[in-house]
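Asker: Here you go, this is model-v2.pdb (PDB, C-alpha atoms).
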MODEL        1
ATOM      1  CA  MET A   1      95.702 143.651  97.137
ATOM      2  CA  ARG A   2      95.751 143.320  93.369
ATOM      3  CA  ILE A   3      97.423 139.903  93.667
ATOM      4  CA  PHE A   4      94.657 138.779  96.074
ATOM      5  CA  HIS A   5      92.003 139.998  93.603
ATOM      6  CA  LEU A   6      93.669 138.131  90.726
ATOM      7  CA  LEU A   7      93.919 134.953  92.809
ATOM      8  CA  THR A   8      90.244 135.216  93.815
ATOM      9  CA  VAL A   9      89.079 135.749  90.212
ATOM     10  CA  SER A  10      91.316 132.889  89.009
ATOM     11  CA  THR A  11      90.014 130.559  91.705
ATOM     12  CA  LEU A  12      86.375 131.376  90.936
ATOM     13  CA  THR A  13      87.002 130.872  87.216
ATOM     14  CA  LEU A  14      88.648 127.516  87.943
ATOM     15  CA  PHE A  15      85.731 126.351  90.110
ATOM     16  CA  SER A  16      83.250 127.451  87.437
ATOM     17  CA  SER A  17      85.164 125.518  84.780
ATOM     18  CA  VAL A  18      85.446 122.409  86.937
ATOM     19  CA  GLY A  19      81.758 122.649  87.829
ATOM     20  CA  ALA A  20      80.789 122.912  84.161
ATOM     21  CA  CYS A  21      82.891 119.833  83.356
ATOM     22  CA  PHE A  22      81.154 117.751  86.030
ATOM     23  CA  ALA A  23      77.639 119.009  85.426
ATOM     24  CA  GLN A  24      75.062 116.365  84.711
ATOM     25  CA  ALA A  25      73.437 116.559  81.316
ATOM     26  CA  GLY A  26      70.158 115.090  82.512
ATOM     27  CA  PRO A  27      66.684 115.725  81.072
ATOM     28  CA  ALA A  28      66.263 118.920  83.149
ATOM     29  CA  SER A  29      69.466 120.479  81.818
ATOM     30  CA  GLN A  30      68.744 119.414  78.231
ATOM     31  CA  ALA A  31      65.204 120.824  78.312
ATOM     32  CA  THR A  32      66.164 124.184  79.810
ATOM     33  CA  GLY A  33      69.653 124.522  78.337
ATOM     34  CA  ARG A  34      71.006 125.225  81.853
ATOM     35  CA  ILE A  35      73.878 123.507  83.583
ATOM     36  CA  VAL A  36      72.735 121.527  86.618
ATOM     37  CA  PRO A  37      75.376 121.274  89.381
ATOM     38  CA  VAL A  38      76.309 117.847  90.679
ATOM     39  CA  PHE A  39      76.416 116.812  94.332
ATOM     40  CA  ALA A  40      80.143 117.552  94.672
ATOM     41  CA  GLN A  41      79.539 121.259  94.126
ATOM     42  CA  SER A  42      77.230 121.576  97.129
ATOM     43  CA  VAL A  43      80.156 121.258  99.552
ATOM     44  CA  LEU A  44      80.834 124.965  99.039
ATOM     45  CA  THR A  45      77.573 125.758 100.844
ATOM     46  CA  PRO A  46      78.362 126.572 104.488
ATOM     47  CA  PRO A  47      76.686 124.468 107.189
ATOM     48  CA  PRO A  48      73.676 125.949 108.984
ATOM     49  CA  ILE A  49      74.199 128.170 112.016
ATOM     50  CA  VAL A  50      74.281 126.133 115.234
ATOM     51  CA  HIS A  51      72.263 127.388 118.186
ATOM     52  CA  THR A  52      73.599 126.610 121.652
ATOM     53  CA  LEU A  53      72.303 126.625 125.202
ATOM     54  CA  ASP A  54      74.378 127.443 128.265
ATOM     55  CA  LEU A  55      73.364 124.884 130.897
ATOM     56  CA  SER A  56      76.063 125.676 133.467
ATOM     57  CA  GLY A  57      75.303 125.449 137.153
ATOM     58  CA  PRO A  58      76.251 124.095 140.583
ATOM     59  CA  ARG A  59      76.854 120.395 141.197
ATOM     60  CA  PHE A  60      76.970 118.436 144.452
ATOM     61  CA  GLY A  61      76.952 114.810 145.469
ATOM     62  CA  VAL A  62      79.124 111.976 146.771
ATOM     63  CA  THR A  63      82.021 109.872 145.501
ATOM     64  CA  PHE A  64      82.813 106.339 146.628
ATOM     65  CA  LEU A  65      86.555 105.548 146.645
ATOM     66  CA  SER A  66      88.089 102.088 146.338
ATOM     67  CA  ASP A  67      90.573 100.875 148.996
ATOM     68  CA  GLY A  68      93.480 100.995 146.534
ATOM     69  CA  LEU A  69      92.769 104.626 145.736
ATOM     70  CA  ILE A  70      92.527 105.568 149.424
ATOM     71  CA  LYS A  71      95.909 103.912 150.085
ATOM     72  CA  GLU A  72      97.503 105.639 147.062
ATOM     73  CA  LEU A  73      96.301 109.064 148.225
ATOM     74  CA  HIS A  74      97.580 108.367 151.756
ATOM     75  CA  HIS A  75     101.050 107.080 150.753
ATOM     76  CA  ASP A  76     101.881 109.344 147.785
ATOM     77  CA  ARG A  77      99.932 112.532 148.538
ATOM     78  CA  GLN A  78      99.524 112.416 152.340
ATOM     79  CA  ILE A  79      95.750 112.850 151.902
ATOM     80  CA  ASP A  80      93.685 110.823 154.367
ATOM     81  CA  LEU A  81      90.111 110.131 153.299
ATOM     82  CA  GLN A  82      87.200 107.909 154.249
ATOM     83  CA  PRO A  83      85.714 105.707 151.486
ATOM     84  CA  THR A  84      82.857 108.183 150.864
ATOM     85  CA  ILE A  85      83.497 111.886 150.243
ATOM     86  CA  THR A  86      81.227 114.805 149.418
ATOM     87  CA  GLN A  87      81.612 116.738 146.168
ATOM     88  CA  PHE A  88      80.794 120.399 145.519
ATOM     89  CA  GLY A  89      81.531 122.304 142.362
ATOM     90  CA  TRP A  90      80.386 123.811 139.086
ATOM     91  CA  GLN A  91      79.605 122.354 135.699
ATOM     92  CA  PHE A  92      80.242 124.511 132.629
ATOM     93  CA  GLU A  93      77.996 122.990 129.975
ATOM     94  CA  ARG A  94      77.263 123.921 126.377
ATOM     95  CA  GLN A  95      74.477 122.109 124.543
ATOM     96  CA  PHE A  96      74.399 122.273 120.745
ATOM     97  CA  LEU A  97      70.821 122.167 119.504
ATOM     98  CA  THR A  98      69.486 119.975 116.752
ATOM     99  CA  ARG A  99      65.859 120.306 115.763
ATOM    100  CA  ASP A 100      65.044 117.199 113.736
ATOM    101  CA  SER A 101      65.774 114.145 115.891
ATOM    102  CA  GLY A 102      65.855 115.768 119.324
ATOM    103  CA  PHE A 103      69.368 114.397 119.964
ATOM    104  CA  THR A 104      71.820 117.107 121.034
ATOM    105  CA  ALA A 105      75.599 117.108 121.343
ATOM    106  CA  VAL A 106      76.935 118.221 124.726
ATOM    107  CA  SER A 107      80.366 119.425 125.867
ATOM    108  CA  GLU A 108      81.013 120.120 129.523
ATOM    109  CA  TYR A 109      83.736 120.853 132.066
ATOM    110  CA  VAL A 110      83.099 119.743 135.634
ATOM    111  CA  VAL A 111      85.212 121.311 138.405
ATOM    112  CA  LEU A 112      84.755 119.724 141.848
ATOM    113  CA  LEU A 113      86.226 119.904 145.345
ATOM    114  CA  GLY A 114      85.903 116.625 147.205
ATOM    115  CA  GLY A 115      86.339 115.738 150.866
ATOM    116  CA  LEU A 116      85.246 119.069 152.356
ATOM    117  CA  ASP A 117      83.215 117.100 154.914
ATOM    118  CA  GLN A 118      86.542 115.604 156.117
ATOM    119  CA  GLY A 119      88.494 118.875 156.204
ATOM    120  CA  VAL A 120      90.275 118.192 152.893
ATOM    121  CA  ALA A 121      89.876 119.868 149.497
ATOM    122  CA  VAL A 122      90.669 117.350 146.739
ATOM    123  CA  PRO A 123      90.302 119.048 143.327
ATOM    124  CA  SER A 124      88.943 117.253 140.293
ATOM    125  CA  LEU A 125      88.628 118.461 136.699
ATOM    126  CA  SER A 126      86.733 116.537 134.011
ATOM    127  CA  TRP A 127      85.964 117.330 130.376
ATOM    128  CA  LEU A 128      83.121 115.273 128.946
ATOM    129  CA  VAL A 129      81.800 115.060 125.410
ATOM    130  CA  GLY A 130      78.556 113.239 124.790
ATOM    131  CA  GLY A 131      74.911 113.578 123.951
ATOM    132  CA  ARG A 132      71.411 114.006 125.328
ATOM    133  CA  THR A 133      68.117 112.709 123.967
ATOM    134  CA  ARG A 134      64.862 114.621 123.782
ATOM    135  CA  SER A 135      63.653 112.734 126.895
ATOM    136  CA  GLY A 136      66.713 113.876 128.909
ATOM    137  CA  ALA A 137      68.770 110.648 128.922
ATOM    138  CA  GLU A 138      72.452 111.532 128.584
ATOM    139  CA  PHE A 139      75.926 110.052 128.369
ATOM    140  CA  GLY A 140      79.457 111.379 128.173
ATOM    141  CA  VAL A 141      83.095 110.341 128.225
ATOM    142  CA  GLY A 142      86.353 112.233 128.661
ATOM    143  CA  PRO A 143      89.519 112.835 130.655
ATOM    144  CA  ASN A 144      89.622 113.380 134.418
ATOM    145  CA  ILE A 145      92.500 114.887 136.426
ATOM    146  CA  THR A 146      92.855 114.629 140.237
ATOM    147  CA  PRO A 147      95.737 114.280 142.729
ATOM    148  CA  ALA A 148      95.182 110.512 142.376
ATOM    149  CA  GLY A 149      96.213 110.771 138.721
ATOM    150  CA  VAL A 150      94.677 110.938 135.281
ATOM    151  CA  GLY A 151      91.784 108.738 134.226
ATOM    152  CA  LEU A 152      88.891 108.386 131.838
ATOM    153  CA  VAL A 153      85.468 109.318 133.187
ATOM    154  CA  ILE A 154      82.382 107.560 131.844
ATOM    155  CA  ALA A 155      79.057 109.120 132.836
ATOM    156  CA  ILE A 156      75.355 108.428 132.295
ATOM    157  CA  GLY A 157      72.320 110.160 133.658
ATOM    158  CA  VAL A 158      69.075 111.939 133.055
ATOM    159  CA  THR A 159      68.047 115.587 133.151
ATOM    160  CA  TYR A 160      64.577 116.413 134.434
ATOM    161  CA  ARG A 161      62.978 119.610 133.166
ATOM    162  CA  VAL A 162      60.808 121.653 135.517
ATOM    163  CA  GLY A 163      59.736 124.846 133.734
ATOM    164  CA  ALA A 164      62.899 126.756 132.804
ATOM    165  CA  MET A 165      64.956 124.751 135.312
ATOM    166  CA  ASN A 166      66.904 121.580 134.555
ATOM    167  CA  ILE A 167      67.775 119.096 137.302
ATOM    168  CA  PRO A 168      70.476 116.612 136.219
ATOM    169  CA  VAL A 169      71.163 113.352 138.039
ATOM    170  CA  ASN A 170      74.403 111.708 136.897
ATOM    171  CA  PHE A 171      76.391 108.567 137.707
ATOM    172  CA  ALA A 172      80.082 108.575 136.821
ATOM    173  CA  VAL A 173      82.831 105.967 136.989
ATOM    174  CA  VAL A 174      86.552 106.731 136.782
ATOM    175  CA  PRO A 175      88.645 103.547 136.620
ATOM    176  CA  SER A 176      92.388 103.840 137.269
ATOM    177  CA  LYS A 177      95.362 101.601 138.026
ATOM    178  CA  PHE A 178      94.826 102.130 141.786
ATOM    179  CA  GLY A 179      91.092 101.515 141.836
ATOM    180  CA  GLN A 180      87.924 103.236 140.831
ATOM    181  CA  ARG A 181      85.801 106.170 141.846
ATOM    182  CA  ILE A 182      82.034 106.097 141.523
ATOM    183  CA  SER A 183      80.207 109.417 141.809
ATOM    184  CA  VAL A 184      76.566 110.408 142.057
ATOM    185  CA  LEU A 185      76.005 114.100 141.297
ATOM    186  CA  THR A 186      73.033 116.400 140.931
ATOM    187  CA  GLY A 187      72.452 120.147 140.766
ATOM    188  CA  PHE A 188      70.390 122.595 138.771
ATOM    189  CA  THR A 189      70.622 124.927 135.800
ATOM    190  CA  MET A 190      68.533 127.621 134.214
ATOM    191  CA  ARG A 191      68.279 127.649 130.430
ATOM    192  CA  ASN A 192      70.295 130.492 128.908
ATOM    193  CA  GLY A 193      70.159 130.611 125.092
ATOM    194  CA  ARG A 194      73.029 132.048 123.029
TER     195      ARG A 194
ENDMDL
END
Could I get this file's structure written as structure tokens?
Answerer:
Amino acid sequence: MRIFHLLTVSTLTLFSSVGACFAQAGPASQATGRIVPVFAQSVLTPPPIVHTLDLSGPRFGVTFLSDGLIKELHHDRQIDLQPTITQFGWQFERQFLTRDSGFTAVSEYVVLLGGLDQGVAVPSLSWLVGGRTRSGAEFGVGPNITPAGVGLVIAIGVTYRVGAMNIPVNFAVVPSKFGQRISVLTGFTMRNGR
């Protein structure tokens, strides 16, 4: 404990000495006799506390599969599907608030089961990172994992606000070496602040 205390005091003394060496001797410091810190010293100030919203909720919609993807699922996975499948699942979303511009960063996990209308449960997991404007326009990109393989999902959409409820409408494309999947999803969330 004593060694930690000595290291802490030594470190603080070092930072004070370095700060004094780099202080600007401008008119304000000359008039008052005080040392004015330079910009480099402000990095020790911690960033402001970030407020987040939990916008998780159910998702449902449809996915359109390319012929190559349908053939790949049939031959390699023994999964027989029509070109259009239903999707049901849950989106775990965290929105990080910013107050000045209205633009917010968004991180979300989307877990879906597709093909339930055809007696098949095809799982899909996506992690998207993106943003949302004050008007509700949104975009995101990230990895997607399904039995058809791994791909990159690119999504755009808009979230409509009705009181405390949010209604997202999203379009997503997942290109892969066997073809592409195009999804249209919607759902709802209630705003839960953290």
Asker: Residues near Val174 in chain A, anyone? I mean within 6 Å using only C-alpha atoms, not counting same-chain ones fewer than 3 positions away, as a PyMOL selection string.
Answerer: chain A and resi 152-153+180-181
Asker: Quote the spacing between CA of Val158 in chain A and CA of Asp117 in chain A in Å to one decimal place.
Answerer: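 Computed distance, CA of Val158 in chain A to CA of Asp117 in chain A, equals 26.5 Å.
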Asker: Can you turn the PyMOL selection byres ((chain A and resi 171) around 12) into a concrete residue list for this file, as a CSV table (one decimal) with C-alpha atoms, in the coordinates of the input?
Answerer:
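As a result, expr_2.csv now contains:
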chain,number,residue,atom,x,y,z
A,60,PHE,CA,77.0,118.4,144.5
A,61,GLY,CA,77.0,114.8,145.5
A,62,VAL,CA,79.1,112.0,146.8
A,63,THR,CA,82.0,109.9,145.5
A,64,PHE,CA,82.8,106.3,146.6
A,137,ALA,CA,68.8,110.6,128.9
A,138,GLU,CA,72.5,111.5,128.6
A,139,PHE,CA,75.9,110.1,128.4
A,140,GLY,CA,79.5,111.4,128.2
A,141,VAL,CA,83.1,110.3,128.2
A,153,VAL,CA,85.5,109.3,133.2
A,154,ILE,CA,82.4,107.6,131.8
A,155,ALA,CA,79.1,109.1,132.8
A,156,ILE,CA,75.4,108.4,132.3
A,157,GLY,CA,72.3,110.2,133.7
A,158,VAL,CA,69.1,111.9,133.1
A,159,THR,CA,68.0,115.6,133.2
A,168,PRO,CA,70.5,116.6,136.2
A,169,VAL,CA,71.2,113.4,138.0
A,170,ASN,CA,74.4,111.7,136.9
A,172,ALA,CA,80.1,108.6,136.8
A,173,VAL,CA,82.8,106.0,137.0
A,174,VAL,CA,86.6,106.7,136.8
A,181,ARG,CA,85.8,106.2,141.8
A,182,ILE,CA,82.0,106.1,141.5
A,183,SER,CA,80.2,109.4,141.8
A,184,VAL,CA,76.6,110.4,142.1
A,185,LEU,CA,76.0,114.1,141.3
A,186,THR,CA,73.0,116.4,140.9
Asker: Restricting the calculation to all atoms listed in the file, which member of A:Phe188, A:Ser66, A:Val129, A:Gly179 is positioned closest to Met165 in chain A?
Answerer: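 Selected residue with least distance to Met165 in chain A: A:Phe188.
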Asker: Return the single residue from A:Arg94, A:Lys71, A:His51, A:Arg134 that is closest to Thr189 in chain A, with distances computed using all atoms listed in the file.
Answerer: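 Smallest separation from Thr189 in chain A among the options: A:Arg94.
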Asker: With 8 Å added on each side, what axis-aligned box encloses every listed atom of range 130-144 of chain A? Give the centre and edge lengths in Å to one decimal, as JSON.
Answerer:
{"center_x": 76.6, "center_y": 112.3, "center_z": 129.1, "size_x": 42.0, "size_y": 20.6, "size_z": 26.6}
Asker: For Ser126 in chain A, which residue out of A:Gly187, A:Thr104, A:Gly89, A:Gln95 is the nearest one, using all atoms listed in the file?
Answerer: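 The answer is A:Gly89, which sits nearest to Ser126 in chain A.
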Asker: Using only C-alpha atoms, find all polymer residues with an atom at most 12 Å away from the point (71.1, 125.1, 131.2); report them as a PyMOL selection string.
Answerer: chain A and resi 52-58+91-96+106+108+159-168+187-194
Asker: I'd like to see the residues matched by the PyMOL selection byres ((chain A and resi 77-81) around 9) on this file, and ideally I'd get them as a ChimeraX atom specification.
Answerer: /A:65,70-76,82-85,115,118,120,122,147-148
Asker: What separation in Å, quoted to one decimal, exists between CA of Ile145 in chain A and CA of Gly114 in chain A?
Answerer: 12.8 Å
